[in-house]
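As stored in final37.pdb (PDB, C-alpha atoms):
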```
ATOM      1  CA  MET A   1      70.559 -34.547 -19.116
ATOM      2  CA  SER A   2      69.972 -36.599 -15.987
ATOM      3  CA  LEU A   3      68.227 -35.305 -12.870
ATOM      4  CA  ARG A   4      71.585 -35.327 -11.072
ATOM      5  CA  ASP A   5      73.142 -33.203 -13.825
ATOM      6  CA  LEU A   6      70.304 -30.687 -13.505
ATOM      7  CA  ILE A   7      70.926 -30.365  -9.778
ATOM      8  CA  ARG A   8      74.689 -30.609  -9.523
ATOM      9  CA  MET A   9      77.796 -30.229 -11.669
ATOM     10  CA  ASP A  10      81.036 -31.695 -10.392
ATOM     11  CA  PRO A  11      83.769 -29.047 -10.109
ATOM     12  CA  PRO A  12      85.430 -28.765 -13.532
ATOM     13  CA  VAL A  13      88.717 -27.643 -11.916
ATOM     14  CA  PRO A  14      88.976 -29.359  -8.507
ATOM     15  CA  THR A  15      92.710 -28.605  -8.348
ATOM     16  CA  LEU A  16      94.928 -25.950  -9.899
ATOM     17  CA  ARG A  17      97.972 -28.204 -10.064
ATOM     18  CA  GLY A  18      99.222 -28.279 -13.616
ATOM     19  CA  ARG A  19      96.375 -26.043 -14.822
ATOM     20  CA  ARG A  20      96.876 -22.956 -16.970
ATOM     21  CA  VAL A  21      95.469 -19.920 -15.187
ATOM     22  CA  LEU A  22      95.066 -16.428 -16.646
ATOM     23  CA  ILE A  23      94.830 -13.558 -14.147
ATOM     24  CA  THR A  24      94.209  -9.930 -15.112
ATOM     25  CA  GLY A  25      95.118  -7.111 -12.724
ATOM     26  CA  ALA A  26      97.906  -9.353 -11.443
ATOM     27  CA  ALA A  27     100.394  -6.683 -10.377
ATOM     28  CA  SER A  28      98.872  -5.755  -7.018
ATOM     29  CA  GLY A  29      96.066  -6.234  -4.526
ATOM     30  CA  ILE A  30      93.700  -9.163  -5.011
ATOM     31  CA  GLY A  31      95.206  -9.979  -8.412
ATOM     32  CA  LEU A  32      98.731 -10.451  -7.059
ATOM     33  CA  ALA A  33      97.498 -12.308  -3.982
ATOM     34  CA  THR A  34      95.485 -14.657  -6.204
ATOM     35  CA  ALA A  35      98.488 -15.238  -8.484
ATOM     36  CA  LEU A  36     100.591 -16.204  -5.470
ATOM     37  CA  ALA A  37      97.857 -18.470  -4.098
ATOM     38  CA  ALA A  38      97.400 -20.180  -7.470
ATOM     39  CA  ALA A  39     101.176 -20.575  -7.803
ATOM     40  CA  ARG A  40     101.329 -22.295  -4.410
ATOM     41  CA  ASP A  41      98.717 -24.734  -5.684
ATOM     42  CA  GLY A  42     100.890 -25.588  -8.673
ATOM     43  CA  ALA A  43      99.198 -23.531 -11.400
ATOM     44  CA  GLU A  44     100.950 -22.459 -14.589
ATOM     45  CA  LEU A  45     100.303 -18.726 -14.700
ATOM     46  CA  VAL A  46      99.594 -16.224 -17.445
ATOM     47  CA  LEU A  47      99.575 -12.717 -15.969
ATOM     48  CA  THR A  48      98.660  -9.282 -17.226
ATOM     49  CA  ASP A  49      98.233  -5.800 -15.801
ATOM     50  CA  LEU A  50      98.150  -2.236 -17.060
ATOM     51  CA  HIS A  51     101.411  -1.258 -15.365
ATOM     52  CA  THR A  52     104.550  -2.780 -16.893
ATOM     53  CA  ASP A  53     106.948  -2.160 -13.998
ATOM     54  CA  LYS A  54     104.542  -3.459 -11.373
ATOM     55  CA  LEU A  55     103.772  -6.515 -13.493
ATOM     56  CA  ASP A  56     107.479  -7.305 -13.852
ATOM     57  CA  GLU A  57     107.834  -7.011 -10.076
ATOM     58  CA  ALA A  58     104.860  -9.329  -9.592
ATOM     59  CA  VAL A  59     106.381 -11.941 -11.912
ATOM     60  CA  THR A  60     109.604 -11.773  -9.893
ATOM     61  CA  THR A  61     107.652 -12.111  -6.647
ATOM     62  CA  VAL A  62     105.818 -15.195  -7.931
ATOM     63  CA  ALA A  63     109.083 -16.753  -9.144
ATOM     64  CA  GLU A  64     110.795 -16.086  -5.801
ATOM     65  CA  ALA A  65     107.876 -17.831  -4.102
ATOM     66  CA  GLY A  66     108.478 -20.909  -6.240
ATOM     67  CA  GLY A  67     105.697 -20.289  -8.749
ATOM     68  CA  HIS A  68     105.807 -20.568 -12.515
ATOM     69  CA  VAL A  69     104.750 -17.728 -14.820
ATOM     70  CA  ALA A  70     104.546 -19.159 -18.324
ATOM     71  CA  PHE A  71     103.754 -15.821 -19.991
ATOM     72  CA  HIS A  72     103.112 -12.221 -19.027
ATOM     73  CA  SER A  73     102.400  -9.022 -20.883
ATOM     74  CA  ALA A  74     101.297  -5.556 -19.828
ATOM     75  CA  GLY A  75      98.298  -4.007 -21.510
ATOM     76  CA  ASP A  76      94.874  -2.437 -21.164
ATOM     77  CA  VAL A  77      91.972  -4.897 -20.968
ATOM     78  CA  SER A  78      89.586  -2.126 -22.033
ATOM     79  CA  ASP A  79      91.371  -2.115 -25.429
ATOM     80  CA  TYR A  80      89.794  -4.948 -27.420
ATOM     81  CA  GLU A  81      92.505  -5.012 -30.088
ATOM     82  CA  TRP A  82      95.191  -5.373 -27.433
ATOM     83  CA  VAL A  83      93.316  -8.198 -25.689
ATOM     84  CA  ARG A  84      92.836 -10.007 -29.000
ATOM     85  CA  SER A  85      96.556  -9.709 -29.804
ATOM     86  CA  PHE A  86      97.456 -10.838 -26.275
ATOM     87  CA  ALA A  87      95.161 -13.863 -26.622
ATOM     88  CA  HIS A  88      96.825 -14.870 -29.902
ATOM     89  CA  GLU A  89     100.227 -14.719 -28.201
ATOM     90  CA  VAL A  90      99.008 -16.776 -25.257
ATOM     91  CA  ASP A  91      97.403 -19.374 -27.513
ATOM     92  CA  SER A  92     100.657 -19.687 -29.449
ATOM     93  CA  GLU A  93     103.068 -19.657 -26.514
ATOM     94  CA  VAL A  94     101.111 -21.431 -23.786
ATOM     95  CA  GLY A  95      97.912 -22.955 -25.160
ATOM     96  CA  VAL A  96      94.285 -22.936 -24.055
ATOM     97  CA  MET A  97      93.558 -21.724 -20.533
ATOM     98  CA  ASP A  98      91.928 -23.924 -17.908
ATOM     99  CA  VAL A  99      90.936 -21.011 -15.685
ATOM    100  CA  VAL A 100      90.325 -17.383 -16.700
ATOM    101  CA  MET A 101      90.184 -14.821 -13.890
ATOM    102  CA  ASN A 102      88.966 -11.273 -14.577
ATOM    103  CA  ILE A 103      90.302  -9.387 -11.550
ATOM    104  CA  ALA A 104      91.494  -6.076 -13.032
ATOM    105  CA  GLY A 105      89.267  -3.142 -12.149
ATOM    106  CA  ILE A 106      88.976   0.513 -11.231
ATOM    107  CA  SER A 107      86.733   2.410  -8.868
ATOM    108  CA  VAL A 108      85.229   5.882  -9.067
ATOM    109  CA  TRP A 109      82.562   7.333  -6.773
ATOM    110  CA  GLY A 110      80.478  10.460  -6.973
ATOM    111  CA  THR A 111      76.992  11.914  -7.165
ATOM    112  CA  VAL A 112      75.347  12.206 -10.554
ATOM    113  CA  GLU A 113      75.677  16.005 -10.648
ATOM    114  CA  ASN A 114      79.461  15.687 -10.177
ATOM    115  CA  LEU A 115      80.223  12.636 -12.313
ATOM    116  CA  GLU A 116      81.435  13.462 -15.793
ATOM    117  CA  HIS A 117      81.080  11.335 -18.895
ATOM    118  CA  ARG A 118      84.692  10.191 -18.581
ATOM    119  CA  HIS A 119      83.961   8.697 -15.166
ATOM    120  CA  TRP A 120      81.031   6.627 -16.421
ATOM    121  CA  ARG A 121      82.970   5.615 -19.523
ATOM    122  CA  SER A 122      86.132   4.525 -17.724
ATOM    123  CA  ALA A 123      84.203   2.449 -15.167
ATOM    124  CA  VAL A 124      82.236   0.621 -17.850
ATOM    125  CA  ASP A 125      85.225   0.260 -20.203
ATOM    126  CA  VAL A 126      87.493  -1.327 -17.595
ATOM    127  CA  ASN A 127      85.113  -3.147 -15.231
ATOM    128  CA  LEU A 128      82.566  -4.432 -17.752
ATOM    129  CA  MET A 129      83.984  -4.285 -21.271
ATOM    130  CA  GLY A 130      87.429  -5.393 -20.044
ATOM    131  CA  PRO A 131      86.106  -8.750 -18.755
ATOM    132  CA  ILE A 132      83.908  -9.082 -21.844
ATOM    133  CA  HIS A 133      86.982  -8.642 -24.067
ATOM    134  CA  VAL A 134      88.824 -11.324 -22.109
ATOM    135  CA  ILE A 135      85.817 -13.653 -22.243
ATOM    136  CA  GLU A 136      85.498 -13.107 -26.009
ATOM    137  CA  CYS A 137      89.159 -13.856 -26.635
ATOM    138  CA  PHE A 138      89.839 -16.731 -24.219
ATOM    139  CA  VAL A 139      86.663 -18.675 -23.419
ATOM    140  CA  PRO A 140      85.695 -19.888 -26.935
ATOM    141  CA  GLN A 141      88.946 -21.883 -27.067
ATOM    142  CA  MET A 142      87.941 -23.586 -23.813
ATOM    143  CA  VAL A 143      84.579 -24.478 -25.335
ATOM    144  CA  ARG A 144      86.136 -25.887 -28.516
ATOM    145  CA  ARG A 145      88.685 -27.911 -26.576
ATOM    146  CA  ALA A 146      85.774 -29.653 -24.791
ATOM    147  CA  ARG A 147      87.695 -30.411 -21.603
ATOM    148  CA  GLY A 148      85.917 -27.996 -19.285
ATOM    149  CA  GLY A 149      87.390 -25.131 -17.309
ATOM    150  CA  HIS A 150      86.414 -22.252 -15.075
ATOM    151  CA  LEU A 151      85.692 -18.528 -15.479
ATOM    152  CA  VAL A 152      86.036 -16.053 -12.596
ATOM    153  CA  ASN A 153      84.563 -12.546 -12.813
ATOM    154  CA  VAL A 154      85.076 -10.057 -10.006
ATOM    155  CA  SER A 155      82.042  -7.897  -9.298
ATOM    156  CA  SER A 156      81.638  -6.146  -5.940
ATOM    157  CA  ALA A 157      79.315  -5.636  -3.022
ATOM    158  CA  ALA A 158      78.327  -2.619  -5.149
ATOM    159  CA  GLY A 159      77.135  -5.111  -7.752
ATOM    160  CA  LEU A 160      74.640  -6.463  -5.221
ATOM    161  CA  LEU A 161      73.622  -3.471  -3.108
ATOM    162  CA  ALA A 162      72.821   0.186  -3.858
ATOM    163  CA  PHE A 163      75.586   2.064  -2.073
ATOM    164  CA  PRO A 164      75.567   5.888  -2.140
ATOM    165  CA  TRP A 165      77.901   7.609  -4.622
ATOM    166  CA  HIS A 166      78.373   4.324  -6.540
ATOM    167  CA  ALA A 167      76.190   4.880  -9.628
ATOM    168  CA  ALA A 168      79.009   4.686 -12.216
ATOM    169  CA  TYR A 169      80.847   1.918 -10.375
ATOM    170  CA  SER A 170      77.658  -0.076  -9.826
ATOM    171  CA  ALA A 171      76.728   0.282 -13.503
ATOM    172  CA  SER A 172      79.814  -1.752 -14.349
ATOM    173  CA  LYS A 173      79.599  -4.176 -11.431
ATOM    174  CA  PHE A 174      75.884  -4.960 -11.813
ATOM    175  CA  GLY A 175      76.689  -5.430 -15.505
ATOM    176  CA  ILE A 176      79.371  -8.083 -14.980
ATOM    177  CA  ARG A 177      77.076  -9.750 -12.477
ATOM    178  CA  GLY A 178      74.439 -10.087 -15.237
ATOM    179  CA  VAL A 179      76.982 -11.423 -17.729
ATOM    180  CA  SER A 180      78.137 -13.994 -15.187
ATOM    181  CA  GLU A 181      74.598 -15.065 -14.316
ATOM    182  CA  VAL A 182      73.881 -15.862 -17.971
ATOM    183  CA  LEU A 183      77.234 -17.545 -18.639
ATOM    184  CA  ARG A 184      76.743 -19.669 -15.533
ATOM    185  CA  PHE A 185      74.015 -21.495 -17.462
ATOM    186  CA  ASP A 186      75.320 -21.061 -21.022
ATOM    187  CA  LEU A 187      78.692 -22.625 -20.193
ATOM    188  CA  ARG A 188      77.376 -25.401 -17.974
ATOM    189  CA  ARG A 189      76.794 -27.733 -20.926
ATOM    190  CA  HIS A 190      80.486 -27.334 -21.785
ATOM    191  CA  HIS A 191      81.477 -28.271 -18.221
ATOM    192  CA  ILE A 192      82.854 -24.773 -17.640
ATOM    193  CA  GLY A 193      82.105 -23.357 -14.203
ATOM    194  CA  VAL A 194      81.532 -19.671 -13.489
ATOM    195  CA  SER A 195      82.263 -17.830 -10.254
ATOM    196  CA  LEU A 196      81.082 -14.304  -9.452
ATOM    197  CA  VAL A 197      83.285 -12.772  -6.770
ATOM    198  CA  CYS A 198      81.639 -10.039  -4.695
ATOM    199  CA  PRO A 199      84.250  -8.467  -2.418
ATOM    200  CA  GLY A 200      83.310  -6.053   0.286
ATOM    201  CA  ALA A 201      86.046  -4.023   1.919
ATOM    202  CA  VAL A 202      89.476  -5.316   0.925
ATOM    203  CA  ALA A 203      92.675  -3.563   2.015
ATOM    204  CA  THR A 204      94.201  -2.940  -1.433
ATOM    205  CA  PRO A 205      95.843   0.129  -3.035
ATOM    206  CA  LEU A 206      92.483   0.811  -4.697
ATOM    207  CA  VAL A 207      91.123   2.100  -1.374
ATOM    208  CA  ASN A 208      93.617   4.942  -1.240
ATOM    209  CA  SER A 209      93.570   5.751  -4.956
ATOM    210  CA  VAL A 210      89.836   5.670  -5.681
ATOM    211  CA  GLU A 211      88.604   8.972  -7.091
ATOM    212  CA  ILE A 212      85.672  10.475  -5.180
ATOM    213  CA  VAL A 213      84.412  13.076  -7.611
ATOM    214  CA  GLY A 214      83.669  16.461  -6.065
ATOM    215  CA  ILE A 215      84.777  15.432  -2.575
ATOM    216  CA  ASP A 216      87.827  16.571  -0.635
ATOM    217  CA  ARG A 217      89.418  13.311   0.521
ATOM    218  CA  THR A 218      91.628  15.225   2.960
ATOM    219  CA  ASP A 219      88.595  16.512   4.867
ATOM    220  CA  PRO A 220      88.786  14.842   8.315
ATOM    221  CA  ARG A 221      85.136  13.790   8.068
ATOM    222  CA  VAL A 222      85.792  12.000   4.775
ATOM    223  CA  ALA A 223      89.018  10.518   6.093
ATOM    224  CA  LYS A 224      87.047   9.143   9.042
ATOM    225  CA  GLN A 225      84.728   7.268   6.693
ATOM    226  CA  ILE A 226      87.690   5.853   4.760
ATOM    227  CA  ASP A 227      89.287   4.767   8.052
ATOM    228  CA  ALA A 228      86.036   2.986   8.932
ATOM    229  CA  PHE A 229      86.330   1.119   5.620
ATOM    230  CA  HIS A 230      89.838   0.009   6.580
ATOM    231  CA  ARG A 231      88.648  -1.276   9.953
ATOM    232  CA  VAL A 232      86.241  -3.779   8.389
ATOM    233  CA  SER A 233      88.409  -4.728   5.410
ATOM    234  CA  VAL A 234      89.889  -8.158   4.816
ATOM    235  CA  THR A 235      93.361  -8.763   3.436
ATOM    236  CA  PRO A 236      94.002  -9.479  -0.253
ATOM    237  CA  ASP A 237      95.255 -12.903   0.834
ATOM    238  CA  ALA A 238      91.898 -13.689   2.432
ATOM    239  CA  ALA A 239      90.090 -12.571  -0.731
ATOM    240  CA  ALA A 240      92.419 -14.689  -2.867
ATOM    241  CA  ALA A 241      91.800 -17.746  -0.681
ATOM    242  CA  ALA A 242      88.047 -17.317  -1.156
ATOM    243  CA  ILE A 243      88.492 -17.086  -4.935
ATOM    244  CA  ILE A 244      90.652 -20.217  -5.153
ATOM    245  CA  LYS A 245      88.223 -22.130  -2.941
ATOM    246  CA  GLY A 246      85.323 -20.929  -5.085
ATOM    247  CA  VAL A 247      86.972 -22.346  -8.200
ATOM    248  CA  LYS A 248      87.784 -25.692  -6.593
ATOM    249  CA  LYS A 249      84.254 -26.047  -5.192
ATOM    250  CA  ASN A 250      82.588 -24.654  -8.341
ATOM    251  CA  ARG A 251      80.711 -21.984  -6.388
ATOM    252  CA  PHE A 252      78.868 -19.328  -8.323
ATOM    253  CA  MET A 253      78.626 -16.651  -5.616
ATOM    254  CA  VAL A 254      81.959 -16.102  -3.894
ATOM    255  CA  TYR A 255      82.014 -13.753  -0.914
ATOM    256  CA  THR A 256      85.242 -12.501   0.634
ATOM    257  CA  SER A 257      83.564 -11.587   3.940
ATOM    258  CA  PHE A 258      80.438 -12.555   5.862
ATOM    259  CA  ASP A 259      79.016  -9.036   5.997
ATOM    260  CA  ILE A 260      78.371  -8.964   2.247
ATOM    261  CA  ARG A 261      76.829 -12.429   2.232
ATOM    262  CA  PHE A 262      74.504 -11.377   5.063
ATOM    263  CA  GLY A 263      73.741  -7.968   3.516
ATOM    264  CA  TYR A 264      72.718  -9.480   0.187
ATOM    265  CA  TRP A 265      70.511 -12.072   1.918
ATOM    266  CA  TRP A 266      68.943  -9.353   4.076
ATOM    267  CA  ALA A 267      68.260  -7.083   1.088
ATOM    268  CA  ARG A 268      66.438  -9.896  -0.726
ATOM    269  CA  LYS A 269      64.424 -11.082   2.276
ATOM    270  CA  PHE A 270      63.527  -7.713   3.783
ATOM    271  CA  ALA A 271      63.024  -5.296   0.901
ATOM    272  CA  LEU A 272      61.381  -2.391   2.754
ATOM    273  CA  PRO A 273      63.847  -2.288   5.688
ATOM    274  CA  TYR A 274      66.668  -2.462   3.130
ATOM    275  CA  GLU A 275      65.217   0.523   1.263
ATOM    276  CA  ILE A 276      64.875   2.520   4.475
ATOM    277  CA  VAL A 277      68.483   1.800   5.506
ATOM    278  CA  MET A 278      69.718   2.804   2.059
ATOM    279  CA  ARG A 279      67.708   6.045   2.180
ATOM    280  CA  ILE A 280      69.254   6.887   5.546
ATOM    281  CA  ALA A 281      72.734   6.065   4.237
ATOM    282  CA  ASN A 282      72.141   8.209   1.181
ATOM    283  CA  ASP A 283      70.993  11.156   3.302
ATOM    284  CA  ARG A 284      74.118  10.879   5.437
ATOM    285  CA  PHE A 285      76.406  10.692   2.429
ATOM    286  CA  ALA A 286      74.585  13.629   0.818
ATOM    287  CA  HIS A 287      75.283  15.678   3.957
ATOM    288  CA  LEU A 288      78.935  14.600   3.858
ATOM    289  CA  ALA A 289      79.118  15.605   0.187
ATOM    290  CA  ARG A 290      77.762  19.085   0.976
ATOM    291  CA  ILE A 291      80.194  19.801   3.778
ATOM    292  CA  SER A 292      83.278  18.388   2.028
ATOM    293  CA  ALA A 293      82.659  19.481  -1.566
ATOM    294  CA  VAL A 294      85.464  20.835  -3.726
ATOM    295  CA  SER A 295      85.277  22.764  -6.970
ATOM    296  CA  ARG A 296      85.028  20.734 -10.168
ATOM    297  CA  THR A 297      88.408  22.038 -11.292
ATOM    298  CA  ASP A 298      89.990  20.193  -8.355
ATOM    299  CA  THR A 299      88.524  16.783  -9.191
ATOM    300  CA  VAL A 300      90.834  15.725 -12.032
ATOM    301  CA  PRO A 301      93.261  13.091 -10.633
ATOM    302  CA  ALA A 302      96.981  13.683 -11.027
ATOM    303  CA  ASP A 303      97.362  10.187 -12.510
ATOM    304  CA  PRO A 304      94.262   8.965 -14.389
ATOM    305  CA  ASP A 305      95.623   5.396 -14.287
ATOM    306  CA  ALA A 306      96.432   5.435 -10.576
ATOM    307  CA  ALA A 307      93.198   3.722  -9.586
ATOM    308  CA  ARG A 308      93.428   0.991 -12.215
ATOM    309  CA  GLU A 309      94.210  -1.903  -9.924
ATOM    310  CA  ARG A 310      92.178  -4.253  -7.805
TER     311      ARG A 310
END
```

If you convert what's in this file into structure tokens, what do you get?
Amino acid sequence: MSLRDLIRMDPPVPTLRGRRVLITGAASGIGLATALAAARDGAELVLTDLHTDKLDEAVTTVAEAGGHVAFHSAGDVSDYEWVRSFAHEVDSEVGVMDVVMNIAGISVWGTVENLEHRHWRSAVDVNLMGPIHVIECFVPQMVRRARGGHLVNVSSAAGLLAFPWHAAYSASKFGIRGVSEVLRFDLRRHHIGVSLVCPGAVATPLVNSVEIVGIDRTDPRVAKQIDAFHRVSVTPDAAAAAIIKGVKKNRFMVYTSFDIRFGYWWARKFALPYEIVMRIANDRFAHLARISAVSRTDTVPADPDAARER
């Protein structure tokens, strides 16, 4: 390997035109916005999502926008057997992917005394094992083909920083960050780029459907904090544009807003001030949890799958 190769790798996928692109979580939010952005760039799309009806609507939306969906199928990325079957169908019907985008995800918040095993399990199953299943079933073909490609994994600001109430969510998002960090180097020799997307606040349906365990979301004080989230959020289109640019430029860290880029830099450069700020934030959230707590019997969501979108 030359000195230049050690320092720089040319973007494996400098354009999406004519490239086969798999997107999970494609029925809404960042996933749908990314599918539309990739379609505008001339990509041949393979789409999946948990929700059949929403996925069908997304395929129609992409087609009406002039895009091409070569294959789509609804299923649960946390189910390895389903992902493996889906991959076999895609290989047979479409061929090897050029770009694989793991965008599907769920979010659940809560303090450790309120989180139940099912909350930890669902976060890890969908946000960490889901991408791992997709990587297992789609990336080896890219390696064997020996023509390069690109892998996109969506983490979160909560995969970089220690936000209050985010233990279960951060377990999954720090996990996919670690997987991506390793694959960034493992796949380099195969000319496959890796991007780790770390969104901050993005105005998607996930904001309104996220389960906050043990907290009354209708409490005005909680609603105020959620409204503050909305005020600093970017649109799914802006997040999608950052993802597409990250692929074309072969960027590892992809930020959807400046605040997360700055926050991560600040946390690394100024460890003690970061710890103090996080302690203050945790104290404030702990107070909010005390004054807006609900009984555990009220914390089961009406639709367990409602939050399963990005």

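At a cut-off of 8 Å from (81.4, -6.0, -9.0), the residue set is A:Asn127, A:Val154, A:Ser155, A:Ser156, A:Ala157, A:Ala158, A:Gly159, A:Leu160, A:Ser170, A:Ser172, A:Lys173, A:Phe174, A:Ile176, A:Arg177, A:Val197, A:Cys198, A:Pro199 (counting all atoms listed in the file).
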
Closest-contact table, region 117-205 of chain A side, partner region 231-242 of chain A, 8 Å, counting all atoms listed in the file, as JSON lines:
```
{"residue": "A:Pro199", "atom": "CA", "partner": "A:Ala239", "partner_atom": "CA", "distance": 7.3}
{"residue": "A:Gly200", "atom": "CA", "partner": "A:Ser233", "partner_atom": "CA", "distance": 7.3}
{"residue": "A:Ala201", "atom": "CA", "partner": "A:Ser233", "partner_atom": "CA", "distance": 4.3}
{"residue": "A:Val202", "atom": "CA", "partner": "A:Ser233", "partner_atom": "CA", "distance": 4.6}
{"residue": "A:Ala203", "atom": "CA", "partner": "A:Thr235", "partner_atom": "CA", "distance": 5.4}
{"residue": "A:Thr204", "atom": "CA", "partner": "A:Pro236", "partner_atom": "CA", "distance": 6.6}
```

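Among the candidates A:His68, A:Arg284, A:Arg121, A:Lys54, the residue lying nearest to Val21 (chain A) is A:His68 (atoms considered: all atoms listed in the file).
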
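Using only C-alpha atoms, the set of residues no farther than 12 Å from the position (92.7, -30.6, -5.5) comprises Pro11, Pro12, Val13, Pro14, Thr15, Leu16, Arg17, Gly18, Arg19, Ala38, Asp41, Gly42, Ala43, Ile244, Lys245, Val247, Lys248 and Lys249 of chain A.
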
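What separates CA of Val69 (chain A) from CA of Phe86 (chain A) is a distance of 15.2 Å.
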
Query raised in the report: If we count only C-alpha atoms, what is near Leu161 (chain A) at a cut-off of 10 Å, once residues fewer than 6 positions away on the same chain are taken out, given as an NGL selection string?
Result: :A and (170 or 174 or 260 or 263-264 or 267-268 or 274 or 278)

With C-alpha atoms retained, export the selected residues as an mmCIF file, in the coordinates of the input.
```
data_model
loop_
_atom_site.group_PDB
_atom_site.id
_atom_site.type_symbol
_atom_site.label_atom_id
_atom_site.label_comp_id
_atom_site.auth_asym_id
_atom_site.auth_seq_id
_atom_site.Cartn_x
_atom_site.Cartn_y
_atom_site.Cartn_z
ATOM 1 C CA SER A 170 77.658 -0.076 -9.826
ATOM 2 C CA PHE A 174 75.884 -4.960 -11.813
ATOM 3 C CA ILE A 260 78.371 -8.964 2.247
ATOM 4 C CA GLY A 263 73.741 -7.968 3.516
ATOM 5 C CA TYR A 264 72.718 -9.480 0.187
ATOM 6 C CA ALA A 267 68.260 -7.083 1.088
ATOM 7 C CA ARG A 268 66.438 -9.896 -0.726
ATOM 8 C CA TYR A 274 66.668 -2.462 3.130
ATOM 9 C CA MET A 278 69.718 2.804 2.059
#
```

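Using all atoms listed in the file, the smallest distance between any of A:Ser292, A:Thr34, A:Ser2, A:Ser28 and Ile215 (chain A) comes from A:Ser292.
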
Requested in this report: Rank A:Ala70, A:Ile212, A:Ala37, A:Val194 by their smallest atom-to-atom distance to Leu115 (chain A), using all atoms listed in the file, and report the top residue only.
Outcome: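 Of the candidates, the smallest distance to Leu115 (chain A) is held by A:Ile212.
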
Requested in this report: Could you check how far CA of Asp5 (chain A) sits from CA of Gly193 (chain A), in Å to one decimal?
Outcome: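 Separating CA of Asp5 (chain A) from CA of Gly193 (chain A) is a distance of 13.3 Å.
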
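Taking only C-alpha atoms, the non-local environment of Arg144 (chain A) within 10 Å (same-chain residues fewer than 4 positions away omitted) comprises A:Val96, A:Val139, A:Pro140, A:Gly148, A:His190.
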
Report task. Rank A:Ala39, A:Ala26, A:Leu196, A:Val179 by their smallest atom-to-atom distance to Met253 (chain A), using only C-alpha atoms, and report the top residue only. Result -> A:Leu196

Query - Counting only C-alpha atoms, the option among A:Val90, A:Val83, A:Val152, A:Leu45 closest to Gly130 (chain A) - result: A:Val83

Query raised in the report: Pick the closest to Val108 (chain A) from A:Val213, A:Leu151, A:Ile23, A:Met142: which is it, counting all atoms listed in the file?
Result: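 Selected residue with least distance to Val108 (chain A): A:Val213.
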
Residues selected by the PyMOL selection byres ((chain A and resi 84) around 9), written as an mmCIF file with C-alpha atoms, keeping the file's coordinate frame:
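For reference, result_12.cif as written:
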```cif
data_model
loop_
_atom_site.group_PDB
_atom_site.id
_atom_site.type_symbol
_atom_site.label_atom_id
_atom_site.label_comp_id
_atom_site.auth_asym_id
_atom_site.auth_seq_id
_atom_site.Cartn_x
_atom_site.Cartn_y
_atom_site.Cartn_z
ATOM 1 C CA ASP A 79 91.371 -2.115 -25.429
ATOM 2 C CA TYR A 80 89.794 -4.948 -27.420
ATOM 3 C CA GLU A 81 92.505 -5.012 -30.088
ATOM 4 C CA TRP A 82 95.191 -5.373 -27.433
ATOM 5 C CA VAL A 83 93.316 -8.198 -25.689
ATOM 6 C CA SER A 85 96.556 -9.709 -29.804
ATOM 7 C CA PHE A 86 97.456 -10.838 -26.275
ATOM 8 C CA ALA A 87 95.161 -13.863 -26.622
ATOM 9 C CA HIS A 88 96.825 -14.870 -29.902
ATOM 10 C CA GLU A 89 100.227 -14.719 -28.201
ATOM 11 C CA HIS A 133 86.982 -8.642 -24.067
ATOM 12 C CA VAL A 134 88.824 -11.324 -22.109
ATOM 13 C CA GLU A 136 85.498 -13.107 -26.009
ATOM 14 C CA CYS A 137 89.159 -13.856 -26.635
ATOM 15 C CA PHE A 138 89.839 -16.731 -24.219
#
```

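One distance worth recording is that between CA of Ser257 (chain A) and CA of Asp49 (chain A), which is 25.3 Å.
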
Query raised in the report: Any idea what's packed within 8 Å of Ala27 (chain A), counting only C-alpha atoms, ignoring anything in its chain fewer than 2 positions away? Could you give it as a list of chain:residue names?
Result: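 In the requested format, the answer is A:Gly25, A:Gly29, A:Gly31, A:Leu32, A:Thr48, A:Asp49, A:His51, A:Lys54, A:Leu55, A:Asp56, A:Glu57, A:Ala58, A:Glu309.
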
Report task. Using only C-alpha atoms, determine which residues lie at most 8 Å from Thr52 (chain A), disregarding the query and same-chain residues fewer than 4 positions distant; provide the list as a VMD selection string. Result -> chain A and resid 56 73 to 75

**Report entry** Expansion of the PyMOL selection byres ((chain A and resi 109) around 9) into residues, as a list in words
**Finding:** Ser107, Val108, Gly110, Thr111, Leu115, His119, Pro164, Trp165, His166, Ala167, Ala168, Tyr169, Val210, Glu211, Ile212 and Val213 of chain A

Let me have the centre and edge lengths in Å, one decimal, of the box along x, y and z around every listed atom of region 271-277 of chain A with 5 Å of margin on each side, as JSON.
```
{"center_x": 64.9, "center_y": -1.4, "center_z": 3.3, "size_x": 17.1, "size_y": 17.8, "size_z": 14.8}
```

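Within 9 Å of region 221-225 of chain A, once all atoms listed in the file are used and residues closer than 5 positions along the same chain are dropped, the contacting residues are A:Ile215, A:Asp216, A:His230, A:Leu288, A:Ala289, A:Ile291, A:Ser292.
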